[in-house]
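Text of the file protein_35.cif, holding mmCIF, N, CA and C atoms:
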data_protein
#
loop_
_atom_site.label_atom_id
_atom_site.label_comp_id
_atom_site.auth_asym_id
_atom_site.auth_seq_id
_atom_site.Cartn_x
_atom_site.Cartn_y
_atom_site.Cartn_z
N MET A 1 14.96 -1.51 6.47
CA MET A 1 13.94 -0.51 6.26
C MET A 1 13.09 -0.39 7.51
N CYS A 2 12.83 0.82 7.92
CA CYS A 2 12.03 1.01 9.11
C CYS A 2 10.67 1.58 8.74
N ILE A 3 9.72 1.35 9.60
CA ILE A 3 8.33 1.73 9.37
C ILE A 3 8.17 3.24 9.16
N ASP A 4 9.09 4.03 9.67
CA ASP A 4 8.99 5.48 9.53
C ASP A 4 9.16 5.96 8.08
N ARG A 5 9.72 5.11 7.22
CA ARG A 5 9.83 5.49 5.80
C ARG A 5 8.50 5.38 5.09
N CYS A 6 7.56 4.60 5.66
CA CYS A 6 6.22 4.48 5.10
C CYS A 6 5.44 5.72 5.52
N ARG A 7 4.78 6.34 4.57
CA ARG A 7 4.14 7.61 4.89
C ARG A 7 2.99 7.91 3.93
N ILE A 8 2.12 8.78 4.38
CA ILE A 8 1.04 9.27 3.52
C ILE A 8 1.63 10.32 2.58
N ILE A 9 1.30 10.20 1.32
CA ILE A 9 1.72 11.17 0.31
C ILE A 9 0.48 11.90 -0.17
N ASP A 10 0.49 13.22 -0.06
CA ASP A 10 -0.60 14.04 -0.62
C ASP A 10 -0.43 14.07 -2.13
N LEU A 11 -1.46 13.65 -2.82
CA LEU A 11 -1.43 13.65 -4.27
C LEU A 11 -2.07 14.92 -4.80
N PRO A 12 -1.70 15.36 -6.01
CA PRO A 12 -2.32 16.57 -6.55
C PRO A 12 -3.83 16.41 -6.64
N LYS A 13 -4.55 17.46 -6.29
CA LYS A 13 -6.00 17.46 -6.39
C LYS A 13 -6.43 18.73 -7.11
N ILE A 14 -6.93 18.55 -8.31
CA ILE A 14 -7.41 19.69 -9.09
C ILE A 14 -8.93 19.74 -8.94
N GLN A 15 -9.40 20.78 -8.27
CA GLN A 15 -10.83 20.90 -8.01
C GLN A 15 -11.51 21.61 -9.16
N ASP A 16 -12.67 21.09 -9.52
CA ASP A 16 -13.44 21.63 -10.63
C ASP A 16 -14.91 21.37 -10.32
N PRO A 17 -15.80 22.31 -10.62
CA PRO A 17 -17.22 22.08 -10.36
C PRO A 17 -17.76 20.83 -11.09
N ARG A 18 -17.10 20.44 -12.15
CA ARG A 18 -17.54 19.26 -12.92
C ARG A 18 -17.05 17.96 -12.31
N GLY A 19 -16.18 18.05 -11.30
CA GLY A 19 -15.60 16.87 -10.66
C GLY A 19 -14.11 17.07 -10.48
N ASN A 20 -13.56 16.49 -9.46
CA ASN A 20 -12.14 16.65 -9.14
C ASN A 20 -11.28 15.67 -9.94
N LEU A 21 -10.00 16.00 -10.06
CA LEU A 21 -9.05 15.16 -10.78
C LEU A 21 -7.78 15.04 -9.94
N THR A 22 -7.30 13.83 -9.79
CA THR A 22 -6.02 13.56 -9.14
C THR A 22 -5.19 12.73 -10.08
N PHE A 23 -3.89 13.01 -10.14
CA PHE A 23 -3.00 12.24 -11.00
C PHE A 23 -1.74 11.87 -10.22
N ILE A 24 -1.07 10.83 -10.69
CA ILE A 24 0.14 10.35 -10.04
C ILE A 24 1.18 10.11 -11.11
N GLU A 25 2.34 10.72 -10.94
CA GLU A 25 3.45 10.52 -11.87
C GLU A 25 4.58 9.81 -11.15
N GLY A 26 4.95 8.63 -11.68
CA GLY A 26 6.06 7.88 -11.10
C GLY A 26 7.35 8.68 -11.16
N GLY A 27 8.12 8.63 -10.08
CA GLY A 27 9.37 9.36 -10.01
C GLY A 27 9.19 10.83 -9.71
N ASN A 28 7.94 11.32 -9.70
CA ASN A 28 7.67 12.71 -9.39
C ASN A 28 6.89 12.80 -8.07
N HIS A 29 5.67 12.28 -8.07
CA HIS A 29 4.86 12.32 -6.84
C HIS A 29 5.20 11.17 -5.91
N ILE A 30 5.70 10.09 -6.46
CA ILE A 30 6.07 8.92 -5.66
C ILE A 30 7.52 8.57 -5.96
N PRO A 31 8.21 7.94 -5.00
CA PRO A 31 9.66 7.72 -5.15
C PRO A 31 10.04 6.48 -5.96
N PHE A 32 9.25 6.15 -6.98
CA PHE A 32 9.59 5.04 -7.86
C PHE A 32 8.83 5.18 -9.17
N ASP A 33 9.31 4.51 -10.20
CA ASP A 33 8.59 4.45 -11.46
C ASP A 33 7.56 3.33 -11.38
N ILE A 34 6.42 3.53 -11.99
CA ILE A 34 5.30 2.58 -11.91
C ILE A 34 5.46 1.52 -13.01
N LYS A 35 5.52 0.25 -12.58
CA LYS A 35 5.63 -0.86 -13.53
C LYS A 35 4.35 -1.71 -13.56
N ARG A 36 3.52 -1.58 -12.52
CA ARG A 36 2.31 -2.40 -12.45
C ARG A 36 1.26 -1.68 -11.62
N VAL A 37 0.01 -1.84 -12.03
CA VAL A 37 -1.14 -1.31 -11.29
C VAL A 37 -2.13 -2.44 -11.11
N TYR A 38 -2.62 -2.61 -9.87
CA TYR A 38 -3.70 -3.57 -9.65
C TYR A 38 -4.64 -3.01 -8.60
N TYR A 39 -5.83 -3.58 -8.52
CA TYR A 39 -6.79 -3.09 -7.55
C TYR A 39 -7.61 -4.22 -6.97
N LEU A 40 -8.03 -4.01 -5.73
CA LEU A 40 -8.86 -4.95 -4.99
C LEU A 40 -10.26 -4.35 -4.87
N TYR A 41 -11.27 -5.16 -5.07
CA TYR A 41 -12.64 -4.69 -4.97
C TYR A 41 -13.55 -5.87 -4.62
N ASP A 42 -14.78 -5.58 -4.24
CA ASP A 42 -15.74 -6.61 -3.82
C ASP A 42 -15.17 -7.47 -2.69
N VAL A 43 -14.40 -6.85 -1.80
CA VAL A 43 -13.85 -7.59 -0.66
C VAL A 43 -14.98 -7.81 0.34
N PRO A 44 -15.29 -9.06 0.68
CA PRO A 44 -16.39 -9.33 1.61
C PRO A 44 -16.12 -8.72 3.00
N GLY A 45 -17.18 -8.29 3.66
CA GLY A 45 -17.06 -7.73 5.01
C GLY A 45 -16.34 -8.70 5.93
N GLY A 46 -15.43 -8.17 6.74
CA GLY A 46 -14.67 -8.98 7.68
C GLY A 46 -13.45 -9.66 7.09
N SER A 47 -13.26 -9.55 5.78
CA SER A 47 -12.11 -10.19 5.14
C SER A 47 -10.85 -9.35 5.30
N GLU A 48 -9.72 -10.03 5.18
CA GLU A 48 -8.41 -9.36 5.21
C GLU A 48 -7.68 -9.68 3.92
N ARG A 49 -6.84 -8.76 3.50
CA ARG A 49 -5.98 -8.96 2.33
C ARG A 49 -4.56 -8.67 2.77
N GLY A 50 -3.63 -8.89 1.87
CA GLY A 50 -2.22 -8.66 2.22
C GLY A 50 -1.69 -9.86 2.97
N GLY A 51 -1.13 -9.61 4.14
CA GLY A 51 -0.54 -10.68 4.92
C GLY A 51 0.76 -11.16 4.31
N HIS A 52 1.57 -10.20 3.88
CA HIS A 52 2.87 -10.52 3.30
C HIS A 52 3.78 -9.28 3.33
N ALA A 53 5.02 -9.50 2.94
CA ALA A 53 6.00 -8.42 2.78
C ALA A 53 6.70 -8.64 1.45
N HIS A 54 7.33 -7.60 0.94
CA HIS A 54 8.10 -7.69 -0.29
C HIS A 54 9.57 -7.43 0.00
N LYS A 55 10.43 -8.17 -0.68
CA LYS A 55 11.87 -8.01 -0.51
C LYS A 55 12.37 -6.71 -1.13
N GLY A 56 11.87 -6.37 -2.32
CA GLY A 56 12.38 -5.19 -3.01
C GLY A 56 11.34 -4.27 -3.61
N LEU A 57 10.07 -4.65 -3.54
CA LEU A 57 9.01 -3.89 -4.19
C LEU A 57 8.60 -2.67 -3.38
N HIS A 58 8.43 -1.55 -4.07
CA HIS A 58 7.87 -0.33 -3.50
C HIS A 58 6.43 -0.24 -3.97
N GLN A 59 5.53 0.27 -3.10
CA GLN A 59 4.13 0.37 -3.47
C GLN A 59 3.51 1.67 -2.97
N LEU A 60 2.49 2.11 -3.69
CA LEU A 60 1.64 3.19 -3.22
C LEU A 60 0.23 2.63 -3.19
N ILE A 61 -0.42 2.70 -2.02
CA ILE A 61 -1.75 2.15 -1.82
C ILE A 61 -2.74 3.32 -1.70
N VAL A 62 -3.81 3.28 -2.50
CA VAL A 62 -4.78 4.37 -2.54
C VAL A 62 -6.19 3.80 -2.38
N ALA A 63 -6.98 4.42 -1.51
CA ALA A 63 -8.41 4.09 -1.40
C ALA A 63 -9.14 4.88 -2.48
N MET A 64 -9.42 4.23 -3.60
CA MET A 64 -10.10 4.91 -4.71
C MET A 64 -11.56 5.19 -4.38
N SER A 65 -12.16 4.31 -3.59
CA SER A 65 -13.54 4.45 -3.17
C SER A 65 -13.68 3.78 -1.81
N GLY A 66 -14.53 4.32 -0.96
CA GLY A 66 -14.71 3.73 0.36
C GLY A 66 -13.47 3.89 1.22
N SER A 67 -13.30 2.93 2.14
CA SER A 67 -12.17 3.04 3.07
C SER A 67 -11.73 1.65 3.52
N PHE A 68 -10.52 1.61 4.07
CA PHE A 68 -9.95 0.39 4.65
C PHE A 68 -8.75 0.80 5.47
N ASP A 69 -8.25 -0.13 6.27
CA ASP A 69 -7.06 0.10 7.10
C ASP A 69 -5.89 -0.70 6.55
N VAL A 70 -4.70 -0.14 6.69
CA VAL A 70 -3.46 -0.84 6.35
C VAL A 70 -2.66 -0.94 7.64
N VAL A 71 -2.31 -2.16 8.02
CA VAL A 71 -1.49 -2.38 9.21
C VAL A 71 -0.08 -2.72 8.76
N LEU A 72 0.88 -1.90 9.17
CA LEU A 72 2.29 -2.05 8.77
C LEU A 72 3.09 -2.56 9.96
N ASN A 73 4.06 -3.42 9.68
CA ASN A 73 4.92 -3.97 10.74
C ASN A 73 6.33 -4.11 10.17
N ASP A 74 7.31 -3.49 10.83
CA ASP A 74 8.70 -3.60 10.38
C ASP A 74 9.50 -4.60 11.21
N GLY A 75 8.82 -5.39 12.02
CA GLY A 75 9.49 -6.36 12.87
C GLY A 75 9.69 -5.85 14.28
N SER A 76 9.66 -4.54 14.46
CA SER A 76 9.79 -3.93 15.78
C SER A 76 8.60 -3.07 16.14
N ASN A 77 8.04 -2.41 15.14
CA ASN A 77 6.94 -1.47 15.36
C ASN A 77 5.76 -1.80 14.45
N THR A 78 4.57 -1.48 14.93
CA THR A 78 3.35 -1.66 14.15
C THR A 78 2.62 -0.34 14.07
N LYS A 79 2.04 -0.07 12.89
CA LYS A 79 1.30 1.17 12.69
C LYS A 79 0.04 0.85 11.87
N ARG A 80 -1.12 1.34 12.30
CA ARG A 80 -2.37 1.18 11.56
C ARG A 80 -2.72 2.52 10.92
N ILE A 81 -3.00 2.49 9.63
CA ILE A 81 -3.32 3.71 8.89
C ILE A 81 -4.66 3.51 8.20
N HIS A 82 -5.56 4.46 8.41
CA HIS A 82 -6.88 4.42 7.79
C HIS A 82 -6.84 5.22 6.49
N LEU A 83 -7.16 4.59 5.39
CA LEU A 83 -7.21 5.27 4.10
C LEU A 83 -8.66 5.45 3.67
N CYS A 84 -9.02 6.69 3.30
CA CYS A 84 -10.41 6.96 2.95
C CYS A 84 -10.55 8.09 1.93
N ARG A 85 -9.47 8.57 1.37
CA ARG A 85 -9.51 9.65 0.39
C ARG A 85 -8.67 9.27 -0.83
N SER A 86 -9.19 9.52 -2.03
CA SER A 86 -8.48 9.12 -3.25
C SER A 86 -7.33 10.05 -3.60
N TYR A 87 -7.14 11.12 -2.84
CA TYR A 87 -6.01 12.02 -3.09
C TYR A 87 -4.90 11.85 -2.05
N TYR A 88 -4.98 10.77 -1.27
CA TYR A 88 -3.89 10.38 -0.37
C TYR A 88 -3.42 8.99 -0.77
N GLY A 89 -2.12 8.81 -0.81
CA GLY A 89 -1.56 7.49 -1.08
C GLY A 89 -0.63 7.11 0.05
N LEU A 90 -0.63 5.84 0.41
CA LEU A 90 0.28 5.35 1.44
C LEU A 90 1.46 4.69 0.75
N TYR A 91 2.63 5.28 0.91
CA TYR A 91 3.86 4.71 0.37
C TYR A 91 4.34 3.61 1.32
N VAL A 92 4.56 2.41 0.77
CA VAL A 92 5.07 1.29 1.55
C VAL A 92 6.38 0.84 0.91
N CYS A 93 7.45 0.93 1.66
CA CYS A 93 8.77 0.55 1.16
C CYS A 93 8.99 -0.96 1.33
N PRO A 94 10.04 -1.50 0.75
CA PRO A 94 10.32 -2.93 0.89
C PRO A 94 10.55 -3.33 2.35
N MET A 95 10.39 -4.62 2.61
CA MET A 95 10.66 -5.24 3.92
C MET A 95 9.74 -4.71 5.03
N ILE A 96 8.49 -4.42 4.65
CA ILE A 96 7.46 -4.04 5.61
C ILE A 96 6.31 -5.03 5.44
N TRP A 97 5.94 -5.72 6.52
CA TRP A 97 4.80 -6.62 6.49
C TRP A 97 3.55 -5.77 6.46
N ARG A 98 2.59 -6.13 5.58
CA ARG A 98 1.38 -5.34 5.48
C ARG A 98 0.16 -6.24 5.47
N GLU A 99 -0.90 -5.75 6.12
CA GLU A 99 -2.20 -6.41 6.13
C GLU A 99 -3.25 -5.34 5.89
N LEU A 100 -4.26 -5.66 5.13
CA LEU A 100 -5.36 -4.74 4.86
C LEU A 100 -6.63 -5.33 5.43
N ASP A 101 -7.39 -4.51 6.19
CA ASP A 101 -8.63 -4.98 6.78
C ASP A 101 -9.59 -3.81 6.94
N ASN A 102 -10.73 -4.08 7.57
CA ASN A 102 -11.73 -3.06 7.86
C ASN A 102 -12.24 -2.39 6.58
N PHE A 103 -12.47 -3.19 5.53
CA PHE A 103 -12.96 -2.66 4.26
C PHE A 103 -14.42 -2.22 4.40
N SER A 104 -14.72 -1.01 3.94
CA SER A 104 -16.11 -0.56 3.91
C SER A 104 -16.78 -1.17 2.68
N SER A 105 -18.09 -1.17 2.69
CA SER A 105 -18.85 -1.70 1.57
C SER A 105 -18.55 -0.89 0.30
N GLY A 106 -18.26 -1.56 -0.78
CA GLY A 106 -18.00 -0.88 -2.05
C GLY A 106 -16.62 -0.27 -2.17
N SER A 107 -15.72 -0.58 -1.26
CA SER A 107 -14.38 0.02 -1.33
C SER A 107 -13.56 -0.57 -2.48
N VAL A 108 -12.67 0.28 -2.99
CA VAL A 108 -11.73 -0.12 -4.04
C VAL A 108 -10.35 0.33 -3.61
N CYS A 109 -9.41 -0.62 -3.56
CA CYS A 109 -8.02 -0.36 -3.18
C CYS A 109 -7.16 -0.49 -4.43
N MET A 110 -6.51 0.60 -4.84
CA MET A 110 -5.61 0.57 -5.98
C MET A 110 -4.17 0.57 -5.47
N VAL A 111 -3.33 -0.25 -6.09
CA VAL A 111 -1.92 -0.33 -5.70
C VAL A 111 -1.06 -0.08 -6.93
N LEU A 112 -0.14 0.87 -6.80
CA LEU A 112 0.87 1.13 -7.82
C LEU A 112 2.15 0.47 -7.34
N ALA A 113 2.80 -0.30 -8.22
CA ALA A 113 3.97 -1.08 -7.82
C ALA A 113 5.17 -0.75 -8.69
N SER A 114 6.35 -0.88 -8.09
CA SER A 114 7.60 -0.53 -8.77
C SER A 114 8.09 -1.62 -9.72
N ASN A 115 7.54 -2.82 -9.63
CA ASN A 115 7.95 -3.92 -10.50
C ASN A 115 6.76 -4.77 -10.89
N GLN A 116 6.95 -5.56 -11.91
CA GLN A 116 5.93 -6.52 -12.30
C GLN A 116 5.87 -7.63 -11.26
N TYR A 117 4.81 -8.42 -11.30
CA TYR A 117 4.62 -9.50 -10.33
C TYR A 117 5.79 -10.47 -10.37
N ASP A 118 6.30 -10.82 -9.19
CA ASP A 118 7.39 -11.78 -9.05
C ASP A 118 7.19 -12.52 -7.73
N GLU A 119 6.75 -13.76 -7.79
CA GLU A 119 6.49 -14.53 -6.57
C GLU A 119 7.73 -14.62 -5.69
N GLY A 120 8.92 -14.60 -6.28
CA GLY A 120 10.16 -14.68 -5.52
C GLY A 120 10.43 -13.45 -4.66
N ASP A 121 9.68 -12.37 -4.87
CA ASP A 121 9.86 -11.14 -4.10
C ASP A 121 9.06 -11.15 -2.80
N TYR A 122 8.24 -12.16 -2.58
CA TYR A 122 7.33 -12.20 -1.44
C TYR A 122 7.90 -12.94 -0.24
N TYR A 123 7.56 -12.44 0.95
CA TYR A 123 7.59 -13.21 2.20
C TYR A 123 6.12 -13.41 2.55
N ARG A 124 5.66 -14.64 2.54
CA ARG A 124 4.27 -14.93 2.86
C ARG A 124 4.13 -15.54 4.25
N ASP A 125 5.24 -15.86 4.88
CA ASP A 125 5.24 -16.41 6.23
C ASP A 125 5.90 -15.38 7.16
N PHE A 126 5.17 -14.98 8.20
CA PHE A 126 5.68 -13.92 9.08
C PHE A 126 6.98 -14.31 9.77
N SER A 127 7.13 -15.56 10.17
CA SER A 127 8.36 -15.98 10.85
C SER A 127 9.56 -15.92 9.89
N GLU A 128 9.37 -16.25 8.62
CA GLU A 128 10.45 -16.11 7.63
C GLU A 128 10.80 -14.64 7.42
N PHE A 129 9.78 -13.79 7.38
CA PHE A 129 10.01 -12.35 7.27
C PHE A 129 10.84 -11.84 8.45
N MET A 130 10.46 -12.26 9.67
CA MET A 130 11.20 -11.82 10.86
C MET A 130 12.64 -12.32 10.84
N GLN A 131 12.86 -13.52 10.38
CA GLN A 131 14.22 -14.05 10.30
C GLN A 131 15.05 -13.23 9.30
N ALA A 132 14.45 -12.90 8.17
CA ALA A 132 15.14 -12.08 7.17
C ALA A 132 15.45 -10.70 7.71
N ARG A 133 14.55 -10.13 8.50
CA ARG A 133 14.78 -8.81 9.11
C ARG A 133 15.99 -8.87 10.05
N ARG A 134 16.09 -9.93 10.83
CA ARG A 134 17.21 -10.07 11.78
C ARG A 134 18.54 -10.20 11.06
N LEU A 135 18.54 -10.79 9.86
CA LEU A 135 19.77 -11.01 9.11
C LEU A 135 20.26 -9.75 8.40
N ARG A 136 19.42 -8.74 8.30
CA ARG A 136 19.81 -7.50 7.59
C ARG A 136 20.57 -6.58 8.50
#

Let me see the file written as structure tokens.
Amino acid sequence: MCIDRCRIIDLPKIQDPRGNLTFIEGGNHIPFDIKRVYYLYDVPGGSERGGHAHKGLHQLIVAMSGSFDVVLNDGSNTKRIHLCRSYYGLYVCPMIWRELDNFSSGSVCMVLASNQYDEGDYYRDFSEFMQARRLR
């Protein structure tokens, strides 16, 4: 998998004077069915999250409130993406190392995942991730 498959997805935005609405349908707006949703919040200033890769998991990362950066690495290339709008989602395919940093105060990061939690799907050591990339 190469970093170019990771991309910003424009999500539907229905504007209304009473407030806007955005929705996400698995298999329609994103290239996978949603099996799990989780979110990060109250991240202390200067903290980082992520620092891992997934063997088979697909994810969509959305800044529900505030902003943060996602740093992607496919073993050859690195890309930093700033997320700050709740109607944009960052699609992250399997075998991409990801780190989240630069969280603004009060930010909320929501992640939609293609599978339920499975510790066996993780690479938590960058050197092991790089070795697995070379073997593919």

Q) Written as a list of chain:residue names, which residues does the PyMOL selection byres ((chain A and resi 36-45) around 8) give for the file shown? A)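 That expression, the PyMOL selection byres ((chain A and resi 36-45) around 8), corresponds here to A:Asp33, A:Ile34, A:Lys35, A:Gly46, A:Ser47, A:Glu48, A:Asn102, A:Phe103, A:Ser104, A:Ser105, A:Gly106, A:Ser107, A:Val108, A:Cys109, A:Met110, A:Val111, A:Leu112, A:Ala113, A:Ser114, A:Asn115, A:Gln116, A:Tyr117.
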
Residue by residue, what does the PyMOL selection byres (((chain A and resi 18-25 and name CA) around 12) and name CA) grab here? Present the result as a PDB file with N, CA and C atoms, in the frame of the given file.
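Below you can see expr-v8.pdb, which holds the result:
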ATOM      1  N   ILE A   9       1.300  10.200   1.320  1.00  0.00           N
ATOM      2  CA  ILE A   9       1.720  11.170   0.310  1.00  0.00           C
ATOM      3  C   ILE A   9       0.480  11.900  -0.170  1.00  0.00           C
ATOM      4  N   ASP A  10       0.490  13.220  -0.060  1.00  0.00           N
ATOM      5  CA  ASP A  10      -0.600  14.040  -0.620  1.00  0.00           C
ATOM      6  C   ASP A  10      -0.430  14.070  -2.130  1.00  0.00           C
ATOM      7  N   LEU A  11      -1.460  13.650  -2.820  1.00  0.00           N
ATOM      8  CA  LEU A  11      -1.430  13.650  -4.270  1.00  0.00           C
ATOM      9  C   LEU A  11      -2.070  14.920  -4.800  1.00  0.00           C
ATOM     10  N   PRO A  12      -1.700  15.360  -6.010  1.00  0.00           N
ATOM     11  CA  PRO A  12      -2.320  16.570  -6.550  1.00  0.00           C
ATOM     12  C   PRO A  12      -3.830  16.410  -6.640  1.00  0.00           C
ATOM     13  N   LYS A  13      -4.550  17.460  -6.290  1.00  0.00           N
ATOM     14  CA  LYS A  13      -6.000  17.460  -6.390  1.00  0.00           C
ATOM     15  C   LYS A  13      -6.430  18.730  -7.110  1.00  0.00           C
ATOM     16  N   ILE A  14      -6.930  18.550  -8.310  1.00  0.00           N
ATOM     17  CA  ILE A  14      -7.410  19.690  -9.090  1.00  0.00           C
ATOM     18  C   ILE A  14      -8.930  19.740  -8.940  1.00  0.00           C
ATOM     19  N   GLN A  15      -9.400  20.780  -8.270  1.00  0.00           N
ATOM     20  CA  GLN A  15     -10.830  20.900  -8.010  1.00  0.00           C
ATOM     21  C   GLN A  15     -11.510  21.610  -9.160  1.00  0.00           C
ATOM     22  N   ASP A  16     -12.670  21.090  -9.520  1.00  0.00           N
ATOM     23  CA  ASP A  16     -13.440  21.630 -10.630  1.00  0.00           C
ATOM     24  C   ASP A  16     -14.910  21.370 -10.320  1.00  0.00           C
ATOM     25  N   PRO A  17     -15.800  22.310 -10.620  1.00  0.00           N
ATOM     26  CA  PRO A  17     -17.220  22.080 -10.360  1.00  0.00           C
ATOM     27  C   PRO A  17     -17.760  20.830 -11.090  1.00  0.00           C
ATOM     28  N   GLY A  26       4.950   8.630 -11.680  1.00  0.00           N
ATOM     29  CA  GLY A  26       6.060   7.880 -11.100  1.00  0.00           C
ATOM     30  C   GLY A  26       7.350   8.680 -11.160  1.00  0.00           C
ATOM     31  N   GLY A  27       8.120   8.630 -10.080  1.00  0.00           N
ATOM     32  CA  GLY A  27       9.370   9.360 -10.010  1.00  0.00           C
ATOM     33  C   GLY A  27       9.190  10.830  -9.710  1.00  0.00           C
ATOM     34  N   ASN A  28       7.940  11.320  -9.700  1.00  0.00           N
ATOM     35  CA  ASN A  28       7.670  12.710  -9.390  1.00  0.00           C
ATOM     36  C   ASN A  28       6.890  12.800  -8.070  1.00  0.00           C
ATOM     37  N   HIS A  29       5.670  12.280  -8.070  1.00  0.00           N
ATOM     38  CA  HIS A  29       4.860  12.320  -6.840  1.00  0.00           C
ATOM     39  C   HIS A  29       5.200  11.170  -5.910  1.00  0.00           C
ATOM     40  N   ILE A  30       5.700  10.090  -6.460  1.00  0.00           N
ATOM     41  CA  ILE A  30       6.070   8.920  -5.660  1.00  0.00           C
ATOM     42  C   ILE A  30       7.520   8.570  -5.960  1.00  0.00           C
ATOM     43  N   PRO A  31       8.210   7.940  -5.000  1.00  0.00           N
ATOM     44  CA  PRO A  31       9.660   7.720  -5.150  1.00  0.00           C
ATOM     45  C   PRO A  31      10.040   6.480  -5.960  1.00  0.00           C
ATOM     46  N   PHE A  32       9.250   6.150  -6.980  1.00  0.00           N
ATOM     47  CA  PHE A  32       9.590   5.040  -7.860  1.00  0.00           C
ATOM     48  C   PHE A  32       8.830   5.180  -9.170  1.00  0.00           C
ATOM     49  N   ASP A  33       9.310   4.510 -10.200  1.00  0.00           N
ATOM     50  CA  ASP A  33       8.590   4.450 -11.460  1.00  0.00           C
ATOM     51  C   ASP A  33       7.560   3.330 -11.380  1.00  0.00           C
ATOM     52  N   ILE A  34       6.420   3.530 -11.990  1.00  0.00           N
ATOM     53  CA  ILE A  34       5.300   2.580 -11.910  1.00  0.00           C
ATOM     54  C   ILE A  34       5.460   1.520 -13.010  1.00  0.00           C
ATOM     55  N   LYS A  35       5.520   0.250 -12.580  1.00  0.00           N
ATOM     56  CA  LYS A  35       5.630  -0.860 -13.530  1.00  0.00           C
ATOM     57  C   LYS A  35       4.350  -1.710 -13.560  1.00  0.00           C
ATOM     58  N   VAL A  37       0.010  -1.840 -12.030  1.00  0.00           N
ATOM     59  CA  VAL A  37      -1.140  -1.310 -11.290  1.00  0.00           C
ATOM     60  C   VAL A  37      -2.130  -2.440 -11.110  1.00  0.00           C
ATOM     61  N   LEU A  60       2.490   2.110  -3.690  1.00  0.00           N
ATOM     62  CA  LEU A  60       1.640   3.190  -3.220  1.00  0.00           C
ATOM     63  C   LEU A  60       0.230   2.630  -3.190  1.00  0.00           C
ATOM     64  N   ILE A  61      -0.420   2.700  -2.020  1.00  0.00           N
ATOM     65  CA  ILE A  61      -1.750   2.150  -1.820  1.00  0.00           C
ATOM     66  C   ILE A  61      -2.740   3.320  -1.700  1.00  0.00           C
ATOM     67  N   VAL A  62      -3.810   3.280  -2.500  1.00  0.00           N
ATOM     68  CA  VAL A  62      -4.780   4.370  -2.540  1.00  0.00           C
ATOM     69  C   VAL A  62      -6.190   3.800  -2.380  1.00  0.00           C
ATOM     70  N   MET A  64      -9.420   4.230  -3.600  1.00  0.00           N
ATOM     71  CA  MET A  64     -10.100   4.910  -4.710  1.00  0.00           C
ATOM     72  C   MET A  64     -11.560   5.190  -4.380  1.00  0.00           C
ATOM     73  N   ARG A  85      -9.470   8.570   1.370  1.00  0.00           N
ATOM     74  CA  ARG A  85      -9.510   9.650   0.390  1.00  0.00           C
ATOM     75  C   ARG A  85      -8.670   9.270  -0.830  1.00  0.00           C
ATOM     76  N   SER A  86      -9.190   9.520  -2.030  1.00  0.00           N
ATOM     77  CA  SER A  86      -8.480   9.120  -3.250  1.00  0.00           C
ATOM     78  C   SER A  86      -7.330  10.050  -3.600  1.00  0.00           C
ATOM     79  N   TYR A  87      -7.140  11.120  -2.840  1.00  0.00           N
ATOM     80  CA  TYR A  87      -6.010  12.020  -3.090  1.00  0.00           C
ATOM     81  C   TYR A  87      -4.900  11.850  -2.050  1.00  0.00           C
ATOM     82  N   TYR A  88      -4.980  10.770  -1.270  1.00  0.00           N
ATOM     83  CA  TYR A  88      -3.890  10.380  -0.370  1.00  0.00           C
ATOM     84  C   TYR A  88      -3.420   8.990  -0.770  1.00  0.00           C
ATOM     85  N   GLY A  89      -2.120   8.810  -0.810  1.00  0.00           N
ATOM     86  CA  GLY A  89      -1.560   7.490  -1.080  1.00  0.00           C
ATOM     87  C   GLY A  89      -0.630   7.110   0.050  1.00  0.00           C
ATOM     88  N   VAL A 111      -3.330  -0.250  -6.090  1.00  0.00           N
ATOM     89  CA  VAL A 111      -1.920  -0.330  -5.700  1.00  0.00           C
ATOM     90  C   VAL A 111      -1.060  -0.080  -6.930  1.00  0.00           C
ATOM     91  N   LEU A 112      -0.140   0.870  -6.800  1.00  0.00           N
ATOM     92  CA  LEU A 112       0.870   1.130  -7.820  1.00  0.00           C
ATOM     93  C   LEU A 112       2.150   0.470  -7.340  1.00  0.00           C
TER      94      LEU A 112
END

(Q) For range 73-84 of chain A, find every residue with an atom within 8 Å (counting all atoms listed in the file), except residues of its own chain fewer than 2 positions away, and show them as a PyMOL selection string. (A) chain A and resi 1-4+61-71+86-90+95-99+129-130+133-134

Q. Residues picked by the PyMOL selection byres (((chain A and resi 58 and name CA) around 7) and name CA) here, as number ranges by chain?
A. A: 56-57, 59, 92-94, 113-114

Residues as selected, N, CA and C atoms, written as a short mmCIF file (atom, residue, chain, number, x, y, z; two decimals), in the frame of the given file, can you do that?
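What landed in part.cif:
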data_model
loop_
_atom_site.label_atom_id
_atom_site.label_comp_id
_atom_site.auth_asym_id
_atom_site.auth_seq_id
_atom_site.Cartn_x
_atom_site.Cartn_y
_atom_site.Cartn_z
N GLY A 56 11.87 -6.37 -2.32
CA GLY A 56 12.38 -5.19 -3.01
C GLY A 56 11.34 -4.27 -3.61
N LEU A 57 10.07 -4.65 -3.54
CA LEU A 57 9.01 -3.89 -4.19
C LEU A 57 8.60 -2.67 -3.38
N GLN A 59 5.53 0.27 -3.10
CA GLN A 59 4.13 0.37 -3.47
C GLN A 59 3.51 1.67 -2.97
N VAL A 92 4.56 2.41 0.77
CA VAL A 92 5.07 1.29 1.55
C VAL A 92 6.38 0.84 0.91
N CYS A 93 7.45 0.93 1.66
CA CYS A 93 8.77 0.55 1.16
C CYS A 93 8.99 -0.96 1.33
N PRO A 94 10.04 -1.50 0.75
CA PRO A 94 10.32 -2.93 0.89
C PRO A 94 10.55 -3.33 2.35
N ALA A 113 2.80 -0.30 -8.22
CA ALA A 113 3.97 -1.08 -7.82
C ALA A 113 5.17 -0.75 -8.69
N SER A 114 6.35 -0.88 -8.09
CA SER A 114 7.60 -0.53 -8.77
C SER A 114 8.09 -1.62 -9.72
#

Q | Å distance separating atom C of Asp101 in chain A from atom C of Gln131 in chain A, one decimal place | A |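 Going from atom C of Asp101 in chain A over to atom C of Gln131 in chain A, I get 26.5 Å.
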
Q: Would you work out the distance separating atom N of Arg136 in chain A from CA of Gly50 in chain A, expressed in Å to one decimal?
A: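 Atom-to-atom, atom N of Arg136 in chain A and CA of Gly50 in chain A are spaced 22.5 Å apart.
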